[in-house]
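Structure file target-v5.txt with compact mmCIF, C-alpha atoms:
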```txt
# COMPACT_ATOMS: atom_id res chain seq x y z
CA MET A 29 -68.30 -200.18 103.24
CA SER A 30 -65.45 -197.69 103.13
CA GLU A 31 -61.94 -198.69 104.07
CA ASP A 32 -59.66 -196.30 105.87
CA LYS A 33 -55.93 -196.06 106.20
CA PHE A 34 -54.63 -195.17 109.65
CA VAL A 35 -51.19 -193.70 110.15
CA VAL A 36 -49.15 -195.11 113.02
CA GLY A 37 -46.58 -192.61 114.32
CA ILE A 38 -43.34 -193.23 116.16
CA ALA A 39 -43.87 -194.83 119.58
CA ASP A 40 -47.48 -195.39 118.59
CA MET A 41 -49.91 -198.26 117.93
CA LYS A 42 -53.23 -198.60 116.16
CA LEU A 43 -55.71 -201.41 115.69
CA ALA A 44 -57.60 -202.01 112.44
CA GLN A 45 -60.44 -204.29 111.41
CA ARG A 46 -62.93 -204.76 108.54
CA GLY A 47 -60.36 -204.17 105.83
CA ASP A 48 -58.95 -200.94 107.23
CA LYS A 49 -55.26 -200.45 106.51
CA LEU A 50 -52.41 -199.42 108.75
CA ILE A 51 -49.27 -197.62 107.62
CA THR A 52 -46.13 -196.47 109.38
CA TYR A 53 -43.53 -194.34 107.59
CA ALA A 54 -39.76 -194.33 107.43
CA LEU A 55 -38.74 -197.02 109.89
CA GLY A 56 -35.01 -196.57 110.36
CA SER A 57 -33.57 -198.26 113.44
CA CYS A 58 -37.16 -198.46 114.72
CA ILE A 59 -39.22 -201.61 114.14
CA GLY A 60 -42.77 -201.98 112.88
CA ILE A 61 -44.56 -205.03 114.28
CA CYS A 62 -47.73 -206.24 112.59
CA LEU A 63 -49.81 -208.50 114.82
CA TYR A 64 -52.78 -210.27 113.27
CA ASP A 65 -55.65 -212.51 114.31
CA PRO A 66 -56.88 -214.00 111.00
CA GLN A 67 -60.06 -215.42 112.51
CA ILE A 68 -61.60 -212.06 113.37
CA LYS A 69 -59.41 -210.15 110.88
CA LEU A 70 -58.04 -207.86 113.56
CA GLY A 71 -54.67 -206.27 112.88
CA ALA A 72 -52.38 -204.10 114.96
CA LEU A 73 -49.30 -202.17 113.94
CA VAL A 74 -46.92 -200.90 116.61
CA HIS A 75 -43.88 -198.70 115.87
CA ILE A 76 -41.24 -199.14 118.58
CA MET A 77 -38.02 -197.16 118.95
CA LEU A 78 -35.96 -198.86 121.67
CA PRO A 79 -35.45 -202.42 122.93
CA LEU A 80 -36.35 -202.32 126.62
CA ASN A 81 -38.46 -200.09 128.81
CA MET A 82 -36.40 -199.04 131.80
CA GLU A 83 -38.10 -195.69 132.30
CA ALA A 84 -39.46 -194.74 135.68
CA GLY A 85 -43.25 -194.85 135.49
CA ARG A 86 -43.20 -196.56 132.07
CA LYS A 87 -45.56 -193.96 130.66
CA ASN A 88 -45.02 -194.46 126.97
CA ALA A 89 -45.42 -198.23 126.46
CA PHE A 90 -45.26 -198.12 122.64
CA LYS A 91 -41.81 -196.57 122.57
CA TYR A 92 -40.29 -199.89 123.62
CA ALA A 93 -40.32 -203.41 122.18
CA ASP A 94 -41.16 -205.21 125.42
CA THR A 95 -43.97 -203.02 126.78
CA GLY A 96 -45.13 -202.13 123.25
CA ILE A 97 -45.79 -205.72 122.19
CA ARG A 98 -47.37 -206.67 125.52
CA GLU A 99 -49.67 -203.64 125.59
CA THR A 100 -50.70 -204.31 121.97
CA LEU A 101 -51.52 -207.94 122.76
CA ALA A 102 -53.59 -206.78 125.75
CA GLN A 103 -55.55 -204.32 123.60
CA MET A 104 -56.10 -206.97 120.92
CA ALA A 105 -57.49 -209.31 123.57
CA VAL A 106 -59.91 -206.58 124.70
CA ALA A 107 -60.99 -206.22 121.06
CA GLY A 108 -61.80 -209.93 120.94
CA ALA A 109 -58.63 -211.51 119.56
CA ASN A 110 -57.77 -215.10 120.43
CA ARG A 111 -54.22 -215.08 121.72
CA THR A 112 -53.43 -218.50 120.24
CA LYS A 113 -54.29 -217.30 116.71
CA ILE A 114 -52.14 -214.16 116.68
CA THR A 115 -49.06 -214.12 114.42
CA ALA A 116 -46.41 -211.47 113.80
CA LYS A 117 -44.54 -209.90 110.87
CA ILE A 118 -41.81 -207.36 111.47
CA ALA A 119 -39.69 -204.85 109.53
CA GLY A 120 -37.07 -202.22 110.33
CA GLY A 121 -34.03 -202.29 112.59
CA ALA A 122 -31.74 -200.74 109.98
CA THR A 123 -28.46 -198.98 110.62
CA MET A 124 -28.96 -195.59 108.99
CA PHE A 125 -25.60 -194.17 109.98
CA ALA A 126 -22.53 -196.39 110.02
CA LEU A 127 -21.01 -195.32 113.33
CA THR A 128 -19.30 -197.69 115.66
CA GLY A 129 -20.18 -197.59 119.34
CA GLY A 130 -21.50 -194.55 121.10
CA MET A 131 -25.13 -193.76 121.68
CA LEU A 132 -26.29 -195.15 118.38
CA GLY A 133 -24.26 -198.35 118.37
CA ASN A 134 -26.43 -201.09 116.89
CA ILE A 135 -29.77 -199.73 118.10
CA GLY A 136 -31.46 -201.37 115.11
CA GLN A 137 -29.95 -204.76 115.80
CA ARG A 138 -30.73 -204.56 119.51
CA ASN A 139 -34.31 -203.62 118.68
CA ALA A 140 -34.63 -206.66 116.41
CA GLU A 141 -33.22 -209.02 119.03
CA SER A 142 -35.54 -207.66 121.68
CA VAL A 143 -38.63 -207.90 119.42
CA ARG A 144 -37.85 -211.53 118.52
CA GLN A 145 -37.26 -212.43 122.16
CA VAL A 146 -40.45 -210.76 123.41
CA LEU A 147 -42.53 -212.44 120.67
CA LYS A 148 -41.04 -215.79 121.62
CA ARG A 149 -41.74 -215.27 125.31
CA GLU A 150 -45.32 -214.30 124.51
CA GLY A 151 -45.71 -217.38 122.30
CA ILE A 152 -46.44 -215.37 119.12
CA PRO A 153 -45.11 -217.06 115.93
CA LEU A 154 -42.94 -214.74 113.82
CA LEU A 155 -44.01 -215.52 110.24
CA TRP A 156 -41.91 -213.04 108.31
CA GLU A 157 -39.22 -210.44 108.85
CA ASP A 158 -37.35 -207.85 106.83
CA VAL A 159 -34.83 -206.57 109.29
CA GLY A 160 -31.40 -204.95 109.31
CA GLY A 161 -29.52 -203.48 106.39
CA THR A 162 -29.03 -199.76 105.84
CA VAL A 163 -32.29 -198.58 104.26
CA ALA A 164 -35.43 -197.03 105.73
CA ARG A 165 -38.74 -198.86 105.30
CA THR A 166 -42.36 -197.75 105.05
CA MET A 167 -44.63 -200.58 106.19
CA GLU A 168 -48.26 -200.95 105.14
CA PHE A 169 -50.56 -203.64 106.45
CA ASP A 170 -54.06 -204.73 105.40
CA SER A 171 -56.37 -206.00 108.13
CA ALA A 172 -58.51 -207.84 105.55
CA THR A 173 -55.74 -210.29 104.66
CA GLY A 174 -52.84 -209.86 107.07
CA ALA A 175 -50.67 -209.08 104.05
CA GLY A 176 -48.72 -205.93 103.39
CA THR A 177 -45.89 -204.13 101.61
CA ILE A 178 -42.52 -202.63 102.40
CA ARG A 179 -41.35 -199.60 100.44
CA SER A 180 -37.75 -198.40 100.50
CA TYR A 181 -35.82 -195.72 98.65
CA GLY A 182 -34.27 -197.04 95.44
CA GLN A 183 -35.54 -200.60 95.89
CA PRO A 184 -38.44 -202.64 94.55
CA VAL A 185 -41.54 -203.00 96.75
CA LYS A 186 -41.56 -206.14 98.88
CA ASN A 187 -44.76 -208.00 99.68
CA PHE A 188 -45.42 -209.90 102.86
CA MET B 20 -31.40 -176.04 139.48
CA ASP B 21 -31.00 -178.88 137.06
CA ILE B 22 -33.74 -179.57 134.58
CA LYS B 23 -34.99 -183.14 134.22
CA ASN B 24 -36.79 -182.65 130.95
CA TYR B 25 -36.40 -180.36 127.95
CA SER B 26 -39.82 -178.89 128.74
CA ASP B 27 -38.50 -177.58 132.09
CA LEU B 28 -36.33 -174.96 130.35
CA SER B 29 -37.03 -171.36 131.39
CA SER B 30 -37.42 -168.60 128.81
CA LEU B 31 -33.98 -167.21 129.72
CA GLU B 32 -32.46 -170.64 129.10
CA ILE B 33 -34.29 -170.96 125.77
CA ASP B 34 -33.02 -167.50 124.75
CA THR B 35 -29.49 -168.58 125.59
CA LEU B 36 -29.83 -171.71 123.47
CA ARG B 37 -31.26 -169.63 120.62
CA GLU B 38 -28.17 -167.43 120.86
CA ILE B 39 -25.98 -170.54 120.60
CA GLY B 40 -27.97 -171.51 117.52
CA SER B 41 -27.49 -168.04 116.07
CA ILE B 42 -23.73 -167.95 116.64
CA GLY B 43 -23.20 -171.56 115.55
CA THR B 44 -25.33 -171.27 112.43
CA GLY B 45 -23.79 -167.87 111.63
CA ASN B 46 -20.32 -169.36 111.69
CA ALA B 47 -21.46 -172.31 109.59
CA ALA B 48 -22.99 -169.88 107.07
CA THR B 49 -19.65 -168.08 106.76
CA ALA B 50 -17.92 -171.41 106.13
CA LEU B 51 -20.54 -172.36 103.53
CA SER B 52 -20.21 -168.95 101.90
CA GLN B 53 -16.46 -169.48 101.47
CA LEU B 54 -17.00 -172.93 99.99
CA LEU B 55 -19.60 -171.70 97.52
CA GLY B 56 -18.02 -168.31 96.77
CA LYS B 57 -21.42 -166.73 97.36
CA GLU B 58 -23.09 -164.75 100.06
CA VAL B 59 -24.95 -166.98 102.54
CA ARG B 60 -27.11 -165.57 105.31
CA ILE B 61 -29.04 -167.29 108.07
CA THR B 62 -32.72 -167.14 108.89
CA LEU B 63 -33.88 -166.69 112.47
CA PRO B 64 -32.39 -169.50 114.53
CA GLU B 65 -34.81 -171.71 116.37
CA VAL B 66 -34.87 -173.74 119.53
CA ARG B 67 -37.56 -176.33 119.33
CA ILE B 68 -38.76 -178.95 121.73
CA MET B 69 -40.98 -181.32 119.84
CA GLY B 70 -42.68 -184.67 120.16
CA TYR B 71 -41.27 -187.27 117.75
CA ASN B 72 -44.09 -187.11 115.23
CA GLU B 73 -44.31 -183.34 115.45
CA ALA B 74 -40.59 -183.10 114.65
CA ILE B 75 -41.02 -185.18 111.51
CA GLU B 76 -43.90 -183.02 110.29
CA TRP B 77 -41.84 -179.90 111.09
CA ILE B 78 -39.01 -181.06 108.84
CA GLY B 79 -41.41 -181.68 105.96
CA GLY B 80 -42.82 -185.19 106.37
CA PRO B 81 -41.34 -188.66 106.83
CA GLU B 82 -40.86 -189.95 103.29
CA ILE B 83 -39.03 -187.09 101.56
CA ILE B 84 -35.58 -188.23 100.51
CA THR B 85 -32.77 -186.16 101.98
CA ALA B 86 -29.08 -186.42 102.68
CA GLY B 87 -28.02 -186.48 106.32
CA VAL B 88 -24.58 -185.93 107.80
CA LEU B 89 -24.37 -187.03 111.41
CA THR B 90 -21.67 -186.71 114.03
CA GLN B 91 -21.62 -187.65 117.69
CA LEU B 92 -20.35 -185.16 120.23
CA GLY B 93 -18.08 -186.26 123.02
CA GLY B 94 -15.69 -184.70 125.51
CA GLU B 95 -17.44 -182.53 128.07
CA ILE B 96 -20.88 -182.88 126.51
CA ASN B 97 -22.78 -185.71 124.83
CA GLY B 98 -25.06 -185.20 121.91
CA ILE B 99 -25.72 -185.63 118.26
CA MET B 100 -25.40 -183.07 115.56
CA LEU B 101 -27.11 -183.55 112.25
CA SER B 102 -27.07 -181.66 108.97
CA VAL B 103 -30.25 -182.40 107.00
CA GLN B 104 -29.69 -181.51 103.34
CA GLN B 105 -32.80 -181.41 101.19
CA MET B 106 -32.62 -181.54 97.38
CA ASP B 107 -32.39 -177.76 96.76
CA PHE B 108 -29.36 -177.58 99.01
CA VAL B 109 -27.75 -180.56 97.26
CA LYS B 110 -28.33 -178.86 93.88
CA LEU B 111 -26.70 -175.66 95.12
CA VAL B 112 -23.63 -177.36 96.59
CA ILE B 113 -23.01 -179.74 93.72
CA SER B 114 -23.43 -177.05 91.07
CA GLU B 115 -21.28 -174.46 92.86
CA VAL B 116 -18.54 -176.73 94.19
CA LEU B 117 -18.30 -179.30 91.39
CA GLY B 118 -19.73 -177.19 88.59
CA GLU B 119 -22.20 -179.82 87.44
CA PRO B 120 -25.97 -179.97 87.51
CA ILE B 121 -27.89 -182.53 89.53
CA GLU B 122 -31.62 -183.16 89.62
CA LYS B 123 -32.18 -186.25 91.75
CA PHE B 124 -30.57 -188.10 94.62
CA GLU B 125 -30.30 -191.15 92.35
CA GLN B 126 -27.61 -189.28 90.37
CA LEU B 127 -25.25 -189.04 93.34
CA ARG B 128 -21.94 -190.79 92.78
CA GLU B 129 -18.99 -191.15 95.09
CA MET B 130 -17.54 -187.74 94.21
CA GLN B 131 -20.84 -185.99 94.92
CA THR B 132 -21.55 -187.82 98.17
CA SER B 133 -18.07 -187.12 99.50
CA THR B 134 -18.57 -183.44 98.60
CA LEU B 135 -21.88 -183.31 100.48
CA MET B 136 -20.37 -185.11 103.44
CA GLU B 137 -17.40 -182.75 103.55
CA VAL B 138 -19.58 -179.63 103.26
CA GLY B 139 -21.81 -181.00 106.04
CA ASN B 140 -18.79 -181.84 108.14
CA ILE B 141 -17.30 -178.36 107.76
CA MET B 142 -20.56 -176.73 108.77
CA LEU B 143 -21.05 -179.02 111.78
CA SER B 144 -17.45 -178.57 112.95
CA THR B 145 -17.68 -174.79 112.56
CA PHE B 146 -20.88 -174.72 114.59
CA ILE B 147 -19.35 -176.85 117.35
CA ASN B 148 -16.10 -174.87 117.42
CA ALA B 149 -18.13 -171.71 117.97
CA LEU B 150 -20.10 -173.37 120.77
CA SER B 151 -16.93 -174.73 122.32
CA ALA B 152 -15.28 -171.28 122.34
CA LEU B 153 -18.41 -169.56 123.66
CA ALA B 154 -18.93 -171.92 126.60
CA GLY B 155 -15.27 -172.66 127.22
CA ILE B 156 -15.75 -176.41 127.00
CA ALA B 157 -13.91 -179.12 125.11
CA ILE B 158 -16.08 -180.96 122.59
CA THR B 159 -14.87 -183.75 120.34
CA LEU B 160 -16.59 -184.90 117.16
CA THR B 161 -16.61 -188.38 115.66
CA VAL B 162 -15.87 -188.93 112.00
CA PRO B 163 -19.18 -188.06 110.30
CA ALA B 164 -21.50 -190.65 108.82
CA PHE B 165 -23.58 -190.02 105.71
CA ALA B 166 -26.92 -191.36 104.55
CA VAL B 167 -29.38 -190.62 101.76
CA ASP B 168 -32.83 -191.89 102.65
CA MET B 169 -36.29 -190.98 103.97
CA GLN B 170 -35.82 -188.06 106.33
CA GLY B 171 -38.08 -189.60 108.97
CA ALA B 172 -35.53 -192.38 109.41
CA ILE B 173 -32.65 -189.88 109.43
CA LEU B 174 -34.26 -187.79 112.17
CA GLU B 175 -34.95 -190.97 114.09
CA ALA B 176 -31.22 -191.29 114.87
CA PRO B 177 -31.06 -188.46 117.45
CA MET B 178 -34.51 -189.46 118.74
CA ALA B 179 -33.44 -193.04 119.40
CA ALA B 180 -30.17 -191.92 120.99
CA PHE B 181 -32.04 -189.99 123.70
CA GLY B 182 -35.35 -191.83 123.60
CA GLY B 183 -34.67 -193.47 126.95
CA GLN B 184 -34.52 -190.05 128.64
CA SER B 185 -37.27 -188.11 126.98
CA ASP B 186 -40.42 -188.25 124.87
CA TYR B 187 -39.24 -185.06 123.19
CA ILE B 188 -36.40 -184.07 120.96
CA MET B 189 -34.74 -180.71 121.35
CA THR B 190 -33.13 -179.10 118.37
CA ILE B 191 -31.11 -175.91 118.17
CA GLY B 192 -30.39 -174.70 114.69
CA GLY B 193 -31.28 -172.70 111.65
CA ASN B 194 -31.68 -172.42 107.92
CA PHE B 195 -29.73 -170.63 105.21
CA VAL B 196 -30.53 -168.08 102.54
CA CYS B 197 -28.46 -167.91 99.36
CA ASP B 198 -29.20 -165.96 96.15
CA GLY B 199 -32.31 -164.59 97.86
CA LYS B 200 -33.74 -168.09 98.26
CA GLN B 201 -34.20 -170.12 101.39
CA VAL B 202 -31.92 -173.15 101.14
CA PRO B 203 -33.24 -176.14 103.01
CA CYS B 204 -30.28 -177.27 105.08
CA ARG B 205 -30.94 -177.53 108.75
CA LEU B 206 -28.21 -177.90 111.32
CA LEU B 207 -29.65 -179.64 114.33
CA LEU B 208 -27.85 -179.93 117.63
CA SER B 209 -29.42 -182.38 120.07
CA PRO B 210 -27.64 -182.55 123.41
CA ASP B 211 -28.70 -185.03 126.07
CA VAL B 212 -30.37 -183.60 129.19
CA ARG B 213 -27.30 -183.91 131.41
CA SER B 214 -25.14 -182.11 128.86
CA LEU B 215 -27.75 -179.41 128.48
CA ASN B 216 -27.57 -178.72 132.23
CA PHE B 217 -23.78 -178.62 132.05
CA LEU B 218 -23.83 -176.28 129.07
CA LEU B 219 -26.32 -173.86 130.62
CA ARG B 220 -24.29 -173.75 133.81
CA LYS B 221 -21.09 -173.04 131.88
CA LEU B 222 -22.84 -170.22 130.08
CA GLY B 223 -23.88 -168.76 133.43
CA VAL B 224 -27.64 -168.85 132.95
CA MET B 225 -28.35 -171.66 135.38
CA ASP B 226 -27.78 -171.38 139.13
CA GLU B 227 -25.42 -173.79 140.81
```
What do you get writing this file as structure tokens?
Amino acid sequence: MSEDKFVVGIADMKLAQRGDKLITYALGSCIGICLYDPQIKLGALVHIMLPLNMEAGRKNAFKYADTGIRETLAQMAVAGANRTKITAKIAGGATMFALTGGMLGNIGQRNAESVRQVLKREGIPLLWEDVGGTVARTMEFDSATGAGTIRSYGQPVKNF
Amino acid sequence: MDIKNYSDLSSLEIDTLREIGSIGTGNAATALSQLLGKEVRITLPEVRIMGYNEAIEWIGGPEIITAGVLTQLGGEINGIMLSVQQMDFVKLVISEVLGEPIEKFEQLREMQTSTLMEVGNIMLSTFINALSALAGIAITLTVPAFAVDMQGAILEAPMAAFGGQSDYIMTIGGNFVCDGKQVPCRLLLSPDVRSLNFLLRKLGVMDE
């Protein structure tokens, strides 16, 4: 049985099962959310960019924390996941450029707050987080185990 | 008529933006040339409207480490301007300005980072001054911020700033050539959609 690694882009989501891996590169202020049902070994990784979807038409659900998490949970349910078994691990939400206020003011922090709040509302336990700071993160996630790694520039690899 | 999305731009409007890129980048090249004491030319300026993931592939992939100098534009237009400095550009600047060799980003110390930030700042300000004079509009710049990290995360900053308005990022800018070699330093201007309408109207290419 061959195992594949699927790349999740920005404002994107992919599901993986049977030991396939998911990776998303260079999370800055964006957040990567790994959702996992250990019983059927189904994983999802969604890469959101902004906290709340207030766009007319709401076309691109995965760009936002609220619609991104909800749409991912819906697709996991279609793939057979049991909602009560799903847990979450998150990374990202950094401040890449130290500017006060303006368009970029605290986007990372606001993303993190929104992700935590949406997970709580949806009743999904948040098992682990590596959020904030000033460094970019590449997040890799293994659907066989629900474990993964975080790689950052100039720092040791973190396991989750 | 106002555009609602970057993809609504007509070819005349794109040509006008390319001309802004040409004049802005040309002025920045002159400033860089004076700093380095060497001839610096520009390659063909580009106006690109790209999806997020396309933009990251275009700049060379998400995980390459680069230096970024970022400033926010205010006054009559809103936007972000970014100077993305890949390693060959960093080598050139540090060796010509400070007279010392550098091989890796890990070797950057305070003196080197402040040099890169200042060089980036001068190029960004020169670009914006040219734009401001051309369109007859007042543009202010914030104090620049500097980061060395994966370039995907650096490019994410202008994307996130305008992500609520568009699934695309528009960049106007160009590359430099020095000593016969292409030097990977891109100057990227990303205005928001409202400011783009204002700018095109000021330049006389968009009807009232």
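Take CA of Gly79 in chain B and CA of Glu32 in chain B: the distance between them is 27.2 Å.
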Exercise. Mind listing as number ranges by chain which residues of chain B are within 7 Å of chain A, counting all atoms listed in the file?
Worked result: B: 71-72, 81-82, 164-166, 168-169, 171-173, 175, 179-180, 183
For this session: Would you mind listing what lies within 9 Å of Gly43 in chain B as a PyMOL selection string, with all atoms listed in the file counted and same-chain residues fewer than 5 positions away left out?
Result: chain B and resi 38+48+142-143+145-150+192
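You will find CA of Ile178 in chain A at 11.3 Å from CA of Lys117 in chain A.
Here CA of Met130 in chain B and CA of Leu117 in chain B stand 8.9 Å from one another.
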For this session: Compare A:Val143, A:Met41, A:Met167, A:Ile59 by their minimum atom-to-atom distance to Met104 in chain A, counting all atoms listed in the file, and give me the closest one.
Result: A:Met41
Tell me, as a short mmCIF file (atom, residue, chain, number, x, y, z; two decimals) with C-alpha atoms, in the coordinates of the input, which residues lie within 12 Å of Glu99 in chain A, counting only C-alpha atoms; anything in the same chain fewer than 2 positions away does not count.
```cif
data_model
loop_
_atom_site.label_atom_id
_atom_site.label_comp_id
_atom_site.auth_asym_id
_atom_site.auth_seq_id
_atom_site.Cartn_x
_atom_site.Cartn_y
_atom_site.Cartn_z
CA ASP A 40 -47.48 -195.39 118.59
CA MET A 41 -49.91 -198.26 117.93
CA LYS A 42 -53.23 -198.60 116.16
CA LEU A 43 -55.71 -201.41 115.69
CA LEU A 63 -49.81 -208.50 114.82
CA ALA A 72 -52.38 -204.10 114.96
CA LEU A 73 -49.30 -202.17 113.94
CA VAL A 74 -46.92 -200.90 116.61
CA ILE A 76 -41.24 -199.14 118.58
CA ARG A 86 -43.20 -196.56 132.07
CA LYS A 87 -45.56 -193.96 130.66
CA ASN A 88 -45.02 -194.46 126.97
CA ALA A 89 -45.42 -198.23 126.46
CA PHE A 90 -45.26 -198.12 122.64
CA LYS A 91 -41.81 -196.57 122.57
CA TYR A 92 -40.29 -199.89 123.62
CA ALA A 93 -40.32 -203.41 122.18
CA ASP A 94 -41.16 -205.21 125.42
CA THR A 95 -43.97 -203.02 126.78
CA GLY A 96 -45.13 -202.13 123.25
CA ILE A 97 -45.79 -205.72 122.19
CA LEU A 101 -51.52 -207.94 122.76
CA ALA A 102 -53.59 -206.78 125.75
CA GLN A 103 -55.55 -204.32 123.60
CA MET A 104 -56.10 -206.97 120.92
CA ALA A 105 -57.49 -209.31 123.57
CA VAL A 106 -59.91 -206.58 124.70
CA VAL A 146 -40.45 -210.76 123.41
CA GLU A 150 -45.32 -214.30 124.51
#
```
For range 133-172 of chain B versus range 97-114 of chain B, which residues have an atom no more than 9 Å away, and what is each residue's nearest atom pair and distance in Å rounded to one decimal, using only C-alpha atoms, chain-then-number order, as JSON lines?
```
{"residue": "B:Thr134", "atom": "CA", "partner": "B:Ile113", "partner_atom": "CA", "distance": 7.6}
{"residue": "B:Leu135", "atom": "CA", "partner": "B:Val109", "partner_atom": "CA", "distance": 7.2}
{"residue": "B:Val138", "atom": "CA", "partner": "B:Val112", "partner_atom": "CA", "distance": 8.1}
{"residue": "B:Gly139", "atom": "CA", "partner": "B:Ser102", "partner_atom": "CA", "distance": 6.1}
{"residue": "B:Asn140", "atom": "CA", "partner": "B:Ser102", "partner_atom": "CA", "distance": 8.3}
{"residue": "B:Met142", "atom": "CA", "partner": "B:Ser102", "partner_atom": "CA", "distance": 8.2}
{"residue": "B:Leu143", "atom": "CA", "partner": "B:Met100", "partner_atom": "CA", "distance": 7.0}
{"residue": "B:Ile147", "atom": "CA", "partner": "B:Met100", "partner_atom": "CA", "distance": 8.9}
{"residue": "B:Ile158", "atom": "CA", "partner": "B:Asn97", "partner_atom": "CA", "distance": 8.5}
{"residue": "B:Gln170", "atom": "CA", "partner": "B:Val103", "partner_atom": "CA", "distance": 8.0}
```
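In this comparison, which uses all atoms listed in the file, the residue of A:Gly151, A:Gln45, A:Ile114, A:Glu168 approaching His75 in chain A most closely is A:Glu168.
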For this session: Please identify all polymer residues within 8 Å of Gly71 in chain A, counting only C-alpha atoms, omitting same-chain residues fewer than 4 positions from it, and present them as a list in words.
Result: Leu43, Ala44, Gln45, Cys62, Leu63, Tyr64, Asp65, Asp170, Ser171 and Gly174 of chain A
For this session: Skip range 195-201 of chain B itself and residues of its chain fewer than 2 positions away, then list as number ranges by chain all residues within 10 Å of it, counting all atoms listed in the file.
Result: B: 44-45, 47-48, 51-52, 55, 57-64, 107-108, 111, 193, 203-206
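You can rank A:Ile61, A:Phe34, A:Arg179, A:Gly47 by their closest distance to Arg98 in chain A using only C-alpha atoms, and at the top of that list sits A:Ile61.
Using only C-alpha atoms, the nearest neighbour of Asn216 in chain B within the list B:Tyr25, B:Trp77, B:Phe181, B:Tyr187 is B:Tyr25.
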Mind filling out range 155-169 of chain A with N, CA and C atoms and sending it as a PDB file, keeping the file's coordinate frame?
```
ATOM      1  N   LEU A 155     -43.853-214.908 111.565  1.00  0.00           N
ATOM      2  CA  LEU A 155     -44.010-215.520 110.240  1.00  0.00           C
ATOM      3  C   LEU A 155     -43.065-214.941 109.200  1.00  0.00           C
ATOM      4  N   TRP A 156     -42.674-213.696 109.371  1.00  0.00           N
ATOM      5  CA  TRP A 156     -41.910-213.040 108.310  1.00  0.00           C
ATOM      6  C   TRP A 156     -41.141-211.872 108.901  1.00  0.00           C
ATOM      7  N   GLU A 157     -39.936-211.639 108.415  1.00  0.00           N
ATOM      8  CA  GLU A 157     -39.220-210.440 108.850  1.00  0.00           C
ATOM      9  C   GLU A 157     -38.360-209.876 107.738  1.00  0.00           C
ATOM     10  N   ASP A 158     -38.241-208.566 107.753  1.00  0.00           N
ATOM     11  CA  ASP A 158     -37.350-207.850 106.830  1.00  0.00           C
ATOM     12  C   ASP A 158     -36.611-206.841 107.697  1.00  0.00           C
ATOM     13  N   VAL A 159     -35.481-207.285 108.201  1.00  0.00           N
ATOM     14  CA  VAL A 159     -34.830-206.570 109.290  1.00  0.00           C
ATOM     15  C   VAL A 159     -33.359-206.336 108.969  1.00  0.00           C
ATOM     16  N   GLY A 160     -32.819-205.235 109.479  1.00  0.00           N
ATOM     17  CA  GLY A 160     -31.400-204.950 109.310  1.00  0.00           C
ATOM     18  C   GLY A 160     -31.116-204.157 108.058  1.00  0.00           C
ATOM     19  N   GLY A 161     -29.900-204.232 107.575  1.00  0.00           N
ATOM     20  CA  GLY A 161     -29.520-203.480 106.390  1.00  0.00           C
ATOM     21  C   GLY A 161     -29.331-202.000 106.703  1.00  0.00           C
ATOM     22  N   THR A 162     -29.331-201.189 105.652  1.00  0.00           N
ATOM     23  CA  THR A 162     -29.030-199.760 105.840  1.00  0.00           C
ATOM     24  C   THR A 162     -30.110-198.855 105.247  1.00  0.00           C
ATOM     25  N   VAL A 163     -31.264-199.430 104.876  1.00  0.00           N
ATOM     26  CA  VAL A 163     -32.290-198.580 104.260  1.00  0.00           C
ATOM     27  C   VAL A 163     -33.536-198.450 105.152  1.00  0.00           C
ATOM     28  N   ALA A 164     -34.179-197.287 105.018  1.00  0.00           N
ATOM     29  CA  ALA A 164     -35.430-197.030 105.730  1.00  0.00           C
ATOM     30  C   ALA A 164     -36.562-197.783 105.053  1.00  0.00           C
ATOM     31  N   ARG A 165     -37.606-198.091 105.821  1.00  0.00           N
ATOM     32  CA  ARG A 165     -38.740-198.860 105.300  1.00  0.00           C
ATOM     33  C   ARG A 165     -40.058-198.209 105.710  1.00  0.00           C
ATOM     34  N   THR A 166     -40.977-198.123 104.753  1.00  0.00           N
ATOM     35  CA  THR A 166     -42.360-197.750 105.050  1.00  0.00           C
ATOM     36  C   THR A 166     -43.187-199.021 104.989  1.00  0.00           C
ATOM     37  N   MET A 167     -43.913-199.308 106.057  1.00  0.00           N
ATOM     38  CA  MET A 167     -44.630-200.580 106.190  1.00  0.00           C
ATOM     39  C   MET A 167     -46.126-200.343 106.145  1.00  0.00           C
ATOM     40  N   GLU A 168     -46.808-201.063 105.251  1.00  0.00           N
ATOM     41  CA  GLU A 168     -48.260-200.950 105.140  1.00  0.00           C
ATOM     42  C   GLU A 168     -48.872-202.331 105.317  1.00  0.00           C
ATOM     43  N   PHE A 169     -50.020-202.370 105.968  1.00  0.00           N
ATOM     44  CA  PHE A 169     -50.560-203.640 106.450  1.00  0.00           C
ATOM     45  C   PHE A 169     -52.084-203.613 106.304  1.00  0.00           C
TER      46      PHE A 169
END
```
